[in-house]
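**Student:** To start, I am sharing the structure in question, which I have written as structure tokens.
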Amino acid sequence: MELDFLLNFLARLAANNTTAWMAAHRPDYQRARAACTELVRQVLAQAAATDPDLAGLNTADVLFRLHKNDRAHRDPEPYKRRMGAGLKRGGRHAPRAGYFLAIQPEGHSWLGAGVFYPTPAMLTAIRQEIHYNGAEFHRQRLAPELLRYFPTGLDTTGPQLSRPPRGYAASDPDLAWLRLKTLGLNRFYADDEVLKPDFATQVVAAIAAARPLVDFINAALPNKE
């Protein structure tokens, strides 16, 4: 697994993010993509052994494209600066909570767990579950094993409502969580961590630690398939 080559390729891509450069370095891209695919394959194989939600998935189901699908009009770069995957039942775009692994140089490699930018219907269901089952929600988000791998806990710095959601009082004790538009955990890996032989195993351990909170979120969703 050539993760050193993958990091090097992505660093070069960041400095030469054009279709012409990519065309001239297509073999390097394919080699880097193969390294990322093998990493994701190993993570899936290990995680699926204990997580039924990930069983049956293959790398084609979860790997994201390098090309930007939704490039803003003023964005001159056609390619992302990272390679990664969305690990969840139904594949990378399934309307569920799951896990997101991205490899990017200079300490930007990232593992996320939870649900990021859910639909309004999903948010409504998740908020209701937090409101009705707050004790379990807090038990999962504060679990010592989860905080061991995600020391900053559930991210409260992302997009959120400026007012209480409709139907909830400003005095609700869980208002800080009910206002969130994204419920996710984040952790970053330095390049030397990515290059360690047990990197895939460390990612799998972090996924396992986040699974109870991810399961709590998914249990709230009306469409679990």
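Just remember, in the structure tokens the first chain shown is A, the second B, etc., residues are 1-based per chain, and ligands are 1-based in the order shown.
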If we count only C-alpha atoms and set the cut-off at 9 Å, which residues sit around Leu142 in chain A, ignoring sequence neighbours fewer than 4 positions away in its own chain? Please answer as a VMD selection string.
**Tutor:** chain A and resid 137 to 138 146 to 147 153 to 154
**Student:** At a cut-off of 12 Å, using only C-alpha atoms, what residues contact Arg82 in chain A? Leave out same-chain residues fewer than 6 positions from it and give the result as a PyMOL selection string.
**Tutor:** chain A and resi 6-14+17+29+32-33+36+63-68+101-110
**Student:** What residues in range 6-224 of chain A get the DSSP label strand (DSSP E or B)? Please answer as a ChimeraX atom specification.
**Tutor:** /A:63,67,79,83-87,98-103,109-115,154,160,180,183-189
**Student:** For a test of reading the model, state the distance in Å between CA of Leu39 in chain A and CA of Gly158 in chain A, rounded to one decimal.
**Tutor:**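 Distance reported for this atom pair: 28.3 Å.
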**Student:** Check the smallest atom-to-atom distance from each of A:Glu38, A:Glu2, A:Asp174, A:Asp155 to Asn58 in chain A using only C-alpha atoms, then report the winner.
**Tutor:** A:Glu38
**Student:** Could you pull the residues within 9 Å of Trp177 in chain A, counting only C-alpha atoms, minus those fewer than 5 positions along the same chain, as an MDAnalysis selection string?
**Tutor:** chainID A and resid 127 130 156 183
**Student:** Hey, what's within 8 Å of Ile217 in chain A if we count only C-alpha atoms and toss same-chain stuff fewer than 6 positions away? As an MDAnalysis selection string, please?
**Tutor:** chainID A and resid 97 114:115 126
**Student:** Looking at only C-alpha atoms, which of A:Gly98, A:Pro78, A:Pro120, A:Gly91 is the one that sits closest to Leu213 in chain A?
**Tutor:**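 So, comparing all the options, the nearest one is A:Gly98.
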